[in-house]
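The next block is run.tsv, given as TSV, C-alpha atoms.
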chain	number	residue	atom	x	y	z
W	258	MET	CA	0.00	0.00	0.00
W	259	ASN	CA	2.78	2.41	0.91
W	260	GLN	CA	4.53	1.65	-2.40
W	261	LEU	CA	1.34	2.53	-4.32
W	262	LEU	CA	1.09	5.89	-2.54
W	263	LYS	CA	4.65	6.72	-3.59
W	264	THR	CA	3.88	6.12	-7.26
W	265	MET	CA	2.11	8.42	-9.68
W	266	ARG	CA	-0.79	5.96	-9.98
W	267	ALA	CA	-2.33	7.07	-6.68
W	268	ASP	CA	-2.93	10.62	-7.91
W	269	ALA	CA	-4.34	9.49	-11.24
W	270	LEU	CA	-6.58	6.83	-9.69
W	271	LEU	CA	-8.00	9.23	-7.11
W	272	TRP	CA	-8.68	11.95	-9.67
W	273	THR	CA	-10.37	9.44	-11.98
W	274	ALA	CA	-12.51	8.06	-9.16
W	275	VAL	CA	-13.69	11.52	-8.08
W	276	ALA	CA	-14.34	12.64	-11.67
W	277	LEU	CA	-16.47	9.57	-12.34
W	278	THR	CA	-18.34	10.00	-9.07
W	279	VAL	CA	-19.32	13.65	-9.66
W	280	SER	CA	-20.17	12.91	-13.31
W	281	LEU	CA	-22.32	9.81	-12.79
W	282	ALA	CA	-23.68	10.10	-9.25
W	283	SER	CA	-26.49	12.45	-8.26
W	284	LEU	CA	-24.65	14.45	-5.61
W	285	SER	CA	-25.81	17.65	-4.00
W	286	SER	CA	-23.68	20.74	-4.50
W	287	ILE	CA	-22.40	20.57	-0.92
W	288	SER	CA	-21.52	16.89	-1.23
W	289	GLN	CA	-19.70	17.48	-4.50
W	290	ILE	CA	-17.67	20.33	-3.03
W	291	ALA	CA	-16.87	18.30	0.08
W	292	LEU	CA	-15.75	15.32	-2.00
W	293	ALA	CA	-13.48	17.44	-4.21
W	294	VAL	CA	-11.95	19.26	-1.26
W	295	LEU	CA	-11.35	15.99	0.59
W	296	ALA	CA	-9.67	14.53	-2.50
W	297	ALA	CA	-7.48	17.65	-2.84
W	298	VAL	CA	-6.38	17.32	0.78
W	299	CYS	CA	-5.62	13.62	0.29
W	300	VAL	CA	-3.39	14.13	-2.76
W	301	ALA	CA	-1.66	17.06	-1.04
W	302	CYS	CA	-0.60	14.66	1.72
W	303	LEU	CA	0.78	11.96	-0.57
W	304	PRO	CA	4.56	11.24	-0.46
W	305	GLN	CA	5.17	12.92	-3.82
W	306	PRO	CA	7.28	15.89	-5.00
W	307	THR	CA	5.75	19.27	-4.12
W	308	TYR	CA	4.89	20.19	-7.71
W	309	VAL	CA	3.09	16.86	-8.20
W	310	ARG	CA	0.99	17.34	-5.06
W	311	ALA	CA	0.15	20.92	-6.07
W	312	ALA	CA	-0.91	19.92	-9.59
W	313	SER	CA	-2.98	17.01	-8.28
W	314	ALA	CA	-4.77	19.22	-5.73
W	315	PHE	CA	-5.41	21.88	-8.40
W	316	ALA	CA	-6.90	19.24	-10.73
W	317	MET	CA	-9.47	18.40	-8.03
W	318	LEU	CA	-10.87	21.96	-7.81
W	319	PRO	CA	-12.94	21.92	-11.04
W	320	LEU	CA	-14.60	18.78	-9.75
W	321	ALA	CA	-16.18	20.87	-6.99
W	322	ILE	CA	-18.12	22.96	-9.52
W	323	PRO	CA	-21.62	21.59	-10.23
W	324	ASP	CA	-22.24	20.78	-13.91
W	325	THR	CA	-18.59	21.32	-14.80
W	326	PRO	CA	-18.16	21.56	-18.61
W	327	ALA	CA	-16.50	18.52	-20.13
W	328	TRP	CA	-13.70	20.59	-21.69
W	329	ILE	CA	-12.60	21.77	-18.23
W	330	LEU	CA	-12.39	18.19	-16.98
W	331	ILE	CA	-10.42	17.21	-20.09
W	332	ALA	CA	-8.04	20.16	-19.65
W	333	THR	CA	-7.37	19.50	-15.96
W	334	GLY	CA	-6.99	15.78	-16.60
W	335	GLY	CA	-4.50	16.50	-19.37
W	336	LEU	CA	-2.57	18.87	-17.09
W	337	LEU	CA	-2.40	16.24	-14.38
W	338	ALA	CA	-1.31	13.56	-16.87
W	339	THR	CA	1.47	15.83	-18.17
W	340	VAL	CA	2.78	16.53	-14.68
W	341	LEU	CA	2.68	12.86	-13.70
W	342	ALA	CA	4.46	11.84	-16.90
W	343	ARG	CA	7.24	14.35	-16.23
W	344	SER	CA	7.56	13.19	-12.64
W	345	ALA	CA	7.72	9.55	-13.73
W	346	ALA	CA	10.52	10.40	-16.17
W	347	ASP	CA	12.42	12.28	-13.45
W	348	ALA	CA	12.05	9.27	-11.14
W	349	VAL	CA	13.99	6.90	-13.42
W	350	PRO	CA	16.96	5.77	-11.30
W	351	THR	CA	20.52	6.29	-12.49
W	352	PRO	CA	22.82	3.25	-12.87
W	353	LEU	CA	24.52	4.07	-9.55
W	354	GLU	CA	21.12	4.35	-7.84
W	355	ARG	CA	20.22	0.92	-9.22
W	356	ILE	CA	23.43	-0.46	-7.71
W	357	GLN	CA	22.45	1.04	-4.34
W	358	ARG	CA	18.98	-0.51	-4.61
W	359	HIS	CA	20.52	-3.85	-5.56
W	360	LEU	CA	22.63	-3.76	-2.40
W	361	GLU	CA	19.61	-2.85	-0.26
W	362	TRP	CA	17.65	-5.70	-1.83
W	363	CYS	CA	20.42	-8.18	-0.92
W	364	ARG	CA	20.63	-6.75	2.60
W	365	ARG	CA	16.91	-7.19	3.22
W	366	ARG	CA	17.00	-10.81	2.05
W	367	GLY	CA	20.29	-11.68	3.69
W	368	GLU	CA	21.79	-12.73	0.35
W	369	PRO	CA	25.42	-12.26	-0.75
W	370	ALA	CA	26.40	-10.23	-3.81
W	371	HIS	CA	29.62	-9.36	-5.61
W	372	LEU	CA	30.81	-5.89	-6.53
W	373	LEU	CA	33.17	-5.60	-9.49
W	374	TRP	CA	35.25	-2.54	-10.37
W	375	VAL	CA	36.99	-2.45	-13.75
W	376	HIS	CA	39.79	0.10	-14.27
W	377	ALA	CA	40.44	0.32	-18.02
W	378	PRO	CA	43.35	2.56	-19.11
W	379	GLY	CA	43.52	3.41	-22.81
W	380	VAL	CA	39.91	2.35	-23.49
W	381	ASP	CA	37.57	4.85	-25.12
W	382	ARG	CA	34.06	5.47	-23.84
W	383	GLU	CA	32.31	3.66	-26.69
W	384	THR	CA	34.38	0.54	-26.11
W	385	ALA	CA	33.70	0.63	-22.37
W	386	ALA	CA	29.98	1.05	-23.04
W	387	ALA	CA	30.03	-2.01	-25.30
W	388	ALA	CA	31.63	-3.99	-22.46
W	389	LEU	CA	28.40	-3.64	-20.46
W	390	GLU	CA	26.95	-6.30	-22.75
W	391	ALA	CA	28.98	-8.87	-20.85
W	392	PHE	CA	26.68	-8.60	-17.82
W	393	ARG	CA	23.43	-10.42	-17.20
W	394	ILE	CA	20.09	-8.62	-17.13
W	395	THR	CA	19.90	-9.29	-13.37
W	396	ASP	CA	23.23	-7.49	-12.79
W	397	ASN	CA	23.49	-3.73	-12.43
W	398	PRO	CA	26.53	-2.17	-14.17
W	399	ALA	CA	27.42	1.52	-14.41
W	400	LEU	CA	29.95	3.25	-16.65
W	401	LEU	CA	32.16	5.91	-15.04
W	402	HIS	CA	34.31	8.40	-16.95
W	403	THR	CA	37.41	9.51	-15.03
W	404	GLY	CA	39.17	11.37	-17.84
W	405	ASP	CA	42.85	10.94	-18.78
W	406	GLU	CA	41.87	8.19	-21.27
W	407	ILE	CA	40.66	5.94	-18.46
W	408	GLU	CA	37.19	4.45	-18.29
W	409	GLU	CA	35.85	2.54	-15.30
W	410	ILE	CA	32.97	0.12	-14.85
W	411	VAL	CA	31.34	-0.73	-11.55
W	412	ALA	CA	28.73	-3.46	-11.24
W	413	MET	CA	26.72	-5.27	-8.60
W	414	VAL	CA	26.49	-8.93	-9.57
W	415	ASP	CA	24.09	-11.51	-8.15
W	416	ASP	CA	25.64	-14.53	-6.46
W	417	ALA	CA	23.22	-16.97	-8.13
W	418	ASN	CA	24.74	-18.87	-11.09
W	419	PHE	CA	27.79	-16.65	-10.87
W	420	GLU	CA	31.16	-17.51	-12.41
W	421	ARG	CA	33.84	-14.86	-12.02
W	422	SER	CA	36.22	-16.21	-14.65
W	423	GLY	CA	33.53	-16.28	-17.34
W	424	LEU	CA	32.55	-12.68	-16.73
W	425	GLU	CA	36.17	-11.50	-16.71
W	426	ARG	CA	36.86	-13.33	-19.95
W	427	ARG	CA	33.96	-11.65	-21.73
W	428	LEU	CA	34.89	-8.23	-20.36
W	429	ARG	CA	38.48	-8.56	-21.52
W	430	THR	CA	37.34	-9.02	-25.12
W	431	HIS	CA	36.34	-5.36	-24.86
W	432	VAL	CA	38.67	-3.69	-22.36
W	433	GLY	CA	41.82	-5.69	-23.10
W	434	GLU	CA	44.50	-7.26	-20.94
W	435	ALA	CA	45.68	-3.95	-19.44
W	436	ALA	CA	42.44	-3.46	-17.51
W	437	GLY	CA	42.44	-4.16	-13.79
W	438	PHE	CA	39.65	-6.04	-11.98
W	439	GLY	CA	38.73	-5.47	-8.35
W	440	TRP	CA	36.32	-7.85	-6.66
W	441	VAL	CA	34.66	-7.55	-3.25
W	442	THR	CA	31.78	-9.46	-1.72
W	443	PHE	CA	28.85	-8.24	0.34
W	444	PRO	CA	28.69	-8.65	3.31
W	445	ASP	CA	32.08	-10.34	3.86
W	446	ASP	CA	34.18	-7.38	2.65
W	447	GLY	CA	31.85	-4.56	3.64
W	448	VAL	CA	28.23	-3.66	4.31
W	449	THR	CA	28.03	-0.17	2.80
W	450	LEU	CA	28.34	0.78	-0.84
W	451	GLU	CA	31.04	3.34	-0.04
W	452	SER	CA	33.30	0.80	1.63
W	453	LEU	CA	32.78	-1.74	-1.15
W	454	PHE	CA	33.56	0.91	-3.77
W	455	GLN	CA	36.81	1.91	-2.06
W	456	LEU	CA	38.10	-1.64	-1.70
W	457	ALA	CA	37.10	-2.71	-5.22
W	458	ARG	CA	38.53	0.35	-6.94
W	459	ALA	CA	41.82	0.13	-5.04
W	460	ALA	CA	42.19	-3.49	-6.13
W	461	ALA	CA	41.29	-2.65	-9.74
W	462	VAL	CA	43.76	0.22	-10.01
W	463	THR	CA	46.53	-1.86	-8.43
W	464	SER	CA	46.01	-4.76	-10.85
W	465	SER	CA	45.78	-2.60	-14.01
W	466	GLN	CA	48.72	-2.00	-16.33
W	467	PRO	CA	50.05	1.37	-17.52
W	468	ILE	CA	48.66	2.81	-20.74
W	469	ARG	CA	50.70	1.78	-23.75
W	470	PRO	CA	51.18	4.10	-26.76
W	471	GLY	CA	48.33	3.53	-29.22
W	472	ALA	CA	46.30	1.49	-26.74
W	473	GLN	CA	43.14	3.48	-27.47
W	474	LEU	CA	43.49	2.79	-31.21
W	475	PHE	CA	43.92	-0.92	-30.51
W	476	ALA	CA	40.80	-0.81	-28.32
W	477	SER	CA	38.81	0.60	-31.23
W	478	PHE	CA	40.01	-2.21	-33.50
W	479	ARG	CA	39.04	-4.70	-30.81
W	480	ARG	CA	35.56	-3.19	-30.63
W	481	TRP	CA	35.06	-3.33	-34.41
W	482	GLY	CA	35.91	-7.01	-34.46
W	483	ASN	CA	33.83	-7.91	-31.41
W	484	THR	CA	30.83	-10.20	-31.91
W	485	THR	CA	29.41	-10.19	-28.37
W	486	PRO	CA	25.56	-10.50	-28.47
W	487	THR	CA	23.35	-7.60	-27.40
W	488	ARG	CA	22.38	-6.92	-23.80
W	489	ALA	CA	18.83	-8.17	-24.35
W	490	ALA	CA	20.20	-11.64	-25.10
W	491	ARG	CA	22.27	-11.93	-21.91
W	492	SER	CA	21.15	-14.68	-19.61
W	493	SER	CA	24.15	-16.02	-17.74
W	494	ASN	CA	27.64	-15.23	-16.53
W	495	GLN	CA	28.81	-18.70	-17.35
W	496	GLY	CA	30.88	-19.81	-20.28
Could I get this file's structure written as structure tokens?
Amino acid sequence: MNQLLKTMRADALLWTAVALTVSLASLSSISQIALAVLAAVCVACLPQPTYVRAASAFAMLPLAIPDTPAWILIATGGLLATVLARSAADAVPTPLERIQRHLEWCRRRGEPAHLLWVHAPGVDRETAAAALEAFRITDNPALLHTGDEIEEIVAMVDDANFERSGLERRLRTHVGEAAGFGWVTFPDDGVTLESLFQLARAAAVTSSQPIRPGAQLFASFRRWGNTTPTRAARSSNQG
């Protein structure tokens, strides 16, 4: 129930319910006003961004007017839909936020997980982005740009059906042998994302090799010749 209240569906469902009630039911003017005001107060108290609560409450006001013209209901409904669509787009989590949520999910269920940090000197951004195809759909990778011709990948990997060597082998077809890999395990090596990040990145940087002249050009050639399947086809870290 609490999860529903935090989504945009609660505002839309309540507005729709009130609009149908005042349109189809034979309510007195006082009852219609009371219903609209009560609905406005309810949406104003929902755990939503301020502008969403304000727009939702405003959309309830025309419903308090007896015999409201249909065009007003359509206009306010469209306004509410536009605001909710924008809020839903703003709520899309970033890759790093998905990693944080993955860790919280494992913590709640008491399940282990692996955090991988890849430090890839001499690899361009397009090549590093292509390397994300090596992960499973259930994993959560993020691409980090550090500058100085160094790209980094961080990923939270499920423990189920996990094979470290297979994942490293597929990643190296993109990032090359100079890249360093840093592995840590939750909760054995740390319980917070910050501590896991620090340990994994330190291990990745230590195990990486210096940038060789022309390494970025070689990485581009490696990308052009790569035949790794698309991310939608990933199903396992094995092989």
Legend entry - Which of W:Arg393, W:His359, W:Arg364, W:His371 sits closest to Thr442 of chain W [using all atoms listed in the file]: W:His371
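The smallest atom-to-atom distance between Ala377 of chain W and any of W:Ala391, W:Val300, W:Ile356, W:Leu401, using all atoms listed in the file, is found for W:Leu401.
The smallest atom-to-atom distance between Glu361 of chain W and any of W:Cys299, W:Arg458, W:Ser283, W:Met413, using all atoms listed in the file, is found for W:Met413.
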Legend entry - Nearest candidate to Val279 of chain W (options W:Thr403, W:Thr325, W:Thr351, W:Thr339; using all atoms listed in the file): W:Thr325
Determine, for each residue of segment 282-400 of chain W having at least one atom at most 10 Å from an atom of segment 270-274 of chain W, the closest pair of atoms and their separation in Å to one decimal, counting all atoms listed in the file; order by chain and ascending number, as CSV.
residue,atom,partner,partner_atom,distance
W:Ala293,CA,W:Trp272,CA,9.1
W:Ala296,CA,W:Leu271,CA,7.2
W:Ala297,CA,W:Trp272,CA,9.0
W:Cys299,CA,W:Leu271,CA,8.9
W:Val300,CA,W:Leu271,CA,8.0
W:Ser313,CA,W:Trp272,CA,7.7
W:Ala314,CA,W:Trp272,CA,9.1
W:Ala316,CA,W:Trp272,CA,7.6
W:Met317,CA,W:Trp272,CA,6.7
W:Leu320,CA,W:Trp272,CA,9.0
W:Thr333,CA,W:Trp272,CA,9.9
W:Gly334,CA,W:Trp272,CA,8.1
W:Leu337,CA,W:Trp272,CA,8.9
Test item: axis-aligned box, all listed atoms of segment 324-328 of chain W, 3 Å on each side, centre and edges in Å rounded to one decimal, as lines of an AutoDock Vina configuration file:
center_x = -18.0
center_y = 20.0
center_z = -17.8
size_x = 14.5
size_y = 9.0
size_z = 13.8
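Closest approach to Thr430 of chain W from the set W:Leu281, W:Pro444, W:Leu353, W:Ala385 is made by W:Ala385, with distances taken over only C-alpha atoms.
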Inset, instruction - Taking (36.2, -7.1, -6.3) in the file's own coordinates, collect the residues within 12 Å, counting all atoms listed in the file, and hand them back as JSON, numbers by chain. - result: {"W": [370, 371, 372, 373, 374, 375, 376, 410, 411, 412, 413, 414, 421, 425, 437, 438, 439, 440, 441, 442, 443, 445, 446, 447, 452, 453, 454, 455, 456, 457, 458, 459, 460, 461, 462, 463, 464]}
Inset, instruction - Can you pull out every residue within 12 Å of Ser285 of chain W, counting all atoms listed in the file, but drop anything in the same chain fewer than 5 positions away, and send it as a PyMOL selection string? - result: chain W and resi 278-280+290-292+321-324
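From atom CA of His431 of chain W back to atom CA of Leu389 of chain W, the distance works out to 9.2 Å.
Comparing the minimum interatomic distances between Pro369 of chain W and each of W:Leu277, W:Ala312, W:Ala417, W:Ala282, counting only C-alpha atoms, we find that W:Ala417 sits nearest.
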Inset, instruction - Grab the atom CA of Leu341 of chain W to atom CA of Thr307 of chain W distance for me, in Å with one decimal place. - result: 11.9 Å
Return segment 382-414 of chain W, completed with N, CA and C atoms, as a PDB file, in the coordinates of the input.
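Below is the file result33.pdb, written as the result:
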ATOM      1  N   ARG W 382      35.362   5.600 -24.485  1.00  0.00           N
ATOM      2  CA  ARG W 382      34.060   5.470 -23.840  1.00  0.00           C
ATOM      3  C   ARG W 382      33.132   4.521 -24.592  1.00  0.00           C
ATOM      4  N   GLU W 383      33.183   4.539 -25.909  1.00  0.00           N
ATOM      5  CA  GLU W 383      32.310   3.660 -26.690  1.00  0.00           C
ATOM      6  C   GLU W 383      32.660   2.193 -26.457  1.00  0.00           C
ATOM      7  N   THR W 384      33.954   1.912 -26.364  1.00  0.00           N
ATOM      8  CA  THR W 384      34.380   0.540 -26.110  1.00  0.00           C
ATOM      9  C   THR W 384      33.946   0.086 -24.720  1.00  0.00           C
ATOM     10  N   ALA W 385      34.114   0.974 -23.732  1.00  0.00           N
ATOM     11  CA  ALA W 385      33.700   0.630 -22.370  1.00  0.00           C
ATOM     12  C   ALA W 385      32.197   0.414 -22.290  1.00  0.00           C
ATOM     13  N   ALA W 386      31.432   1.219 -23.030  1.00  0.00           N
ATOM     14  CA  ALA W 386      29.980   1.050 -23.040  1.00  0.00           C
ATOM     15  C   ALA W 386      29.594  -0.305 -23.646  1.00  0.00           C
ATOM     16  N   ALA W 387      30.310  -0.718 -24.679  1.00  0.00           N
ATOM     17  CA  ALA W 387      30.030  -2.010 -25.300  1.00  0.00           C
ATOM     18  C   ALA W 387      30.331  -3.159 -24.342  1.00  0.00           C
ATOM     19  N   ALA W 388      31.275  -2.938 -23.419  1.00  0.00           N
ATOM     20  CA  ALA W 388      31.630  -3.990 -22.460  1.00  0.00           C
ATOM     21  C   ALA W 388      30.493  -4.303 -21.506  1.00  0.00           C
ATOM     22  N   LEU W 389      29.538  -3.391 -21.352  1.00  0.00           N
ATOM     23  CA  LEU W 389      28.400  -3.640 -20.460  1.00  0.00           C
ATOM     24  C   LEU W 389      27.546  -4.799 -20.935  1.00  0.00           C
ATOM     25  N   GLU W 390      27.696  -5.162 -22.219  1.00  0.00           N
ATOM     26  CA  GLU W 390      26.950  -6.300 -22.750  1.00  0.00           C
ATOM     27  C   GLU W 390      27.374  -7.623 -22.127  1.00  0.00           C
ATOM     28  N   ALA W 391      28.496  -7.632 -21.447  1.00  0.00           N
ATOM     29  CA  ALA W 391      28.980  -8.870 -20.850  1.00  0.00           C
ATOM     30  C   ALA W 391      28.179  -9.266 -19.609  1.00  0.00           C
ATOM     31  N   PHE W 392      27.412  -8.321 -19.054  1.00  0.00           N
ATOM     32  CA  PHE W 392      26.680  -8.600 -17.820  1.00  0.00           C
ATOM     33  C   PHE W 392      25.314  -9.194 -18.099  1.00  0.00           C
ATOM     34  N   ARG W 393      24.778  -9.869 -17.096  1.00  0.00           N
ATOM     35  CA  ARG W 393      23.430 -10.420 -17.200  1.00  0.00           C
ATOM     36  C   ARG W 393      22.406  -9.315 -16.971  1.00  0.00           C
ATOM     37  N   ILE W 394      21.166  -9.579 -17.348  1.00  0.00           N
ATOM     38  CA  ILE W 394      20.090  -8.620 -17.130  1.00  0.00           C
ATOM     39  C   ILE W 394      19.871  -8.407 -15.638  1.00  0.00           C
ATOM     40  N   THR W 395      20.105  -9.408 -14.819  1.00  0.00           N
ATOM     41  CA  THR W 395      19.900  -9.290 -13.370  1.00  0.00           C
ATOM     42  C   THR W 395      21.018  -8.541 -12.673  1.00  0.00           C
ATOM     43  N   ASP W 396      22.135  -8.275 -13.361  1.00  0.00           N
ATOM     44  CA  ASP W 396      23.230  -7.490 -12.790  1.00  0.00           C
ATOM     45  C   ASP W 396      22.980  -6.008 -13.047  1.00  0.00           C
ATOM     46  N   ASN W 397      23.663  -5.177 -12.283  1.00  0.00           N
ATOM     47  CA  ASN W 397      23.490  -3.730 -12.430  1.00  0.00           C
ATOM     48  C   ASN W 397      24.851  -3.068 -12.633  1.00  0.00           C
ATOM     49  N   PRO W 398      25.254  -2.832 -13.891  1.00  0.00           N
ATOM     50  CA  PRO W 398      26.530  -2.170 -14.170  1.00  0.00           C
ATOM     51  C   PRO W 398      26.347  -0.670 -14.385  1.00  0.00           C
ATOM     52  N   ALA W 399      27.415   0.071 -14.153  1.00  0.00           N
ATOM     53  CA  ALA W 399      27.420   1.520 -14.410  1.00  0.00           C
ATOM     54  C   ALA W 399      28.764   1.877 -15.025  1.00  0.00           C
ATOM     55  N   LEU W 400      28.733   2.798 -15.986  1.00  0.00           N
ATOM     56  CA  LEU W 400      29.950   3.250 -16.650  1.00  0.00           C
ATOM     57  C   LEU W 400      30.365   4.588 -16.061  1.00  0.00           C
ATOM     58  N   LEU W 401      31.631   4.700 -15.647  1.00  0.00           N
ATOM     59  CA  LEU W 401      32.160   5.910 -15.040  1.00  0.00           C
ATOM     60  C   LEU W 401      33.287   6.457 -15.903  1.00  0.00           C
ATOM     61  N   HIS W 402      33.268   7.755 -16.158  1.00  0.00           N
ATOM     62  CA  HIS W 402      34.310   8.400 -16.950  1.00  0.00           C
ATOM     63  C   HIS W 402      35.210   9.198 -16.023  1.00  0.00           C
ATOM     64  N   THR W 403      36.483   8.837 -15.930  1.00  0.00           N
ATOM     65  CA  THR W 403      37.410   9.510 -15.030  1.00  0.00           C
ATOM     66  C   THR W 403      38.301  10.510 -15.745  1.00  0.00           C
ATOM     67  N   GLY W 404      38.280  10.506 -17.080  1.00  0.00           N
ATOM     68  CA  GLY W 404      39.170  11.370 -17.840  1.00  0.00           C
ATOM     69  C   GLY W 404      40.538  10.719 -17.993  1.00  0.00           C
ATOM     70  N   ASP W 405      41.482  11.445 -18.606  1.00  0.00           N
ATOM     71  CA  ASP W 405      42.850  10.940 -18.780  1.00  0.00           C
ATOM     72  C   ASP W 405      42.870   9.607 -19.512  1.00  0.00           C
ATOM     73  N   GLU W 406      41.939   9.419 -20.465  1.00  0.00           N
ATOM     74  CA  GLU W 406      41.870   8.190 -21.270  1.00  0.00           C
ATOM     75  C   GLU W 406      41.702   6.942 -20.404  1.00  0.00           C
ATOM     76  N   ILE W 407      40.945   7.084 -19.334  1.00  0.00           N
ATOM     77  CA  ILE W 407      40.660   5.940 -18.460  1.00  0.00           C
ATOM     78  C   ILE W 407      39.160   5.860 -18.243  1.00  0.00           C
ATOM     79  N   GLU W 408      38.600   4.719 -18.558  1.00  0.00           N
ATOM     80  CA  GLU W 408      37.190   4.450 -18.290  1.00  0.00           C
ATOM     81  C   GLU W 408      37.099   3.412 -17.175  1.00  0.00           C
ATOM     82  N   GLU W 409      36.043   3.493 -16.390  1.00  0.00           N
ATOM     83  CA  GLU W 409      35.850   2.540 -15.300  1.00  0.00           C
ATOM     84  C   GLU W 409      34.416   2.023 -15.326  1.00  0.00           C
ATOM     85  N   ILE W 410      34.274   0.776 -14.943  1.00  0.00           N
ATOM     86  CA  ILE W 410      32.970   0.120 -14.850  1.00  0.00           C
ATOM     87  C   ILE W 410      32.808  -0.396 -13.437  1.00  0.00           C
ATOM     88  N   VAL W 411      31.656  -0.155 -12.854  1.00  0.00           N
ATOM     89  CA  VAL W 411      31.340  -0.730 -11.550  1.00  0.00           C
ATOM     90  C   VAL W 411      30.026  -1.487 -11.700  1.00  0.00           C
ATOM     91  N   ALA W 412      29.928  -2.646 -11.071  1.00  0.00           N
ATOM     92  CA  ALA W 412      28.730  -3.460 -11.240  1.00  0.00           C
ATOM     93  C   ALA W 412      28.448  -4.268  -9.988  1.00  0.00           C
ATOM     94  N   MET W 413      27.161  -4.383  -9.646  1.00  0.00           N
ATOM     95  CA  MET W 413      26.720  -5.270  -8.600  1.00  0.00           C
ATOM     96  C   MET W 413      26.195  -6.533  -9.266  1.00  0.00           C
ATOM     97  N   VAL W 414      26.764  -7.667  -8.883  1.00  0.00           N
ATOM     98  CA  VAL W 414      26.490  -8.930  -9.570  1.00  0.00           C
ATOM     99  C   VAL W 414      25.852  -9.911  -8.588  1.00  0.00           C
TER     100      VAL W 414
END
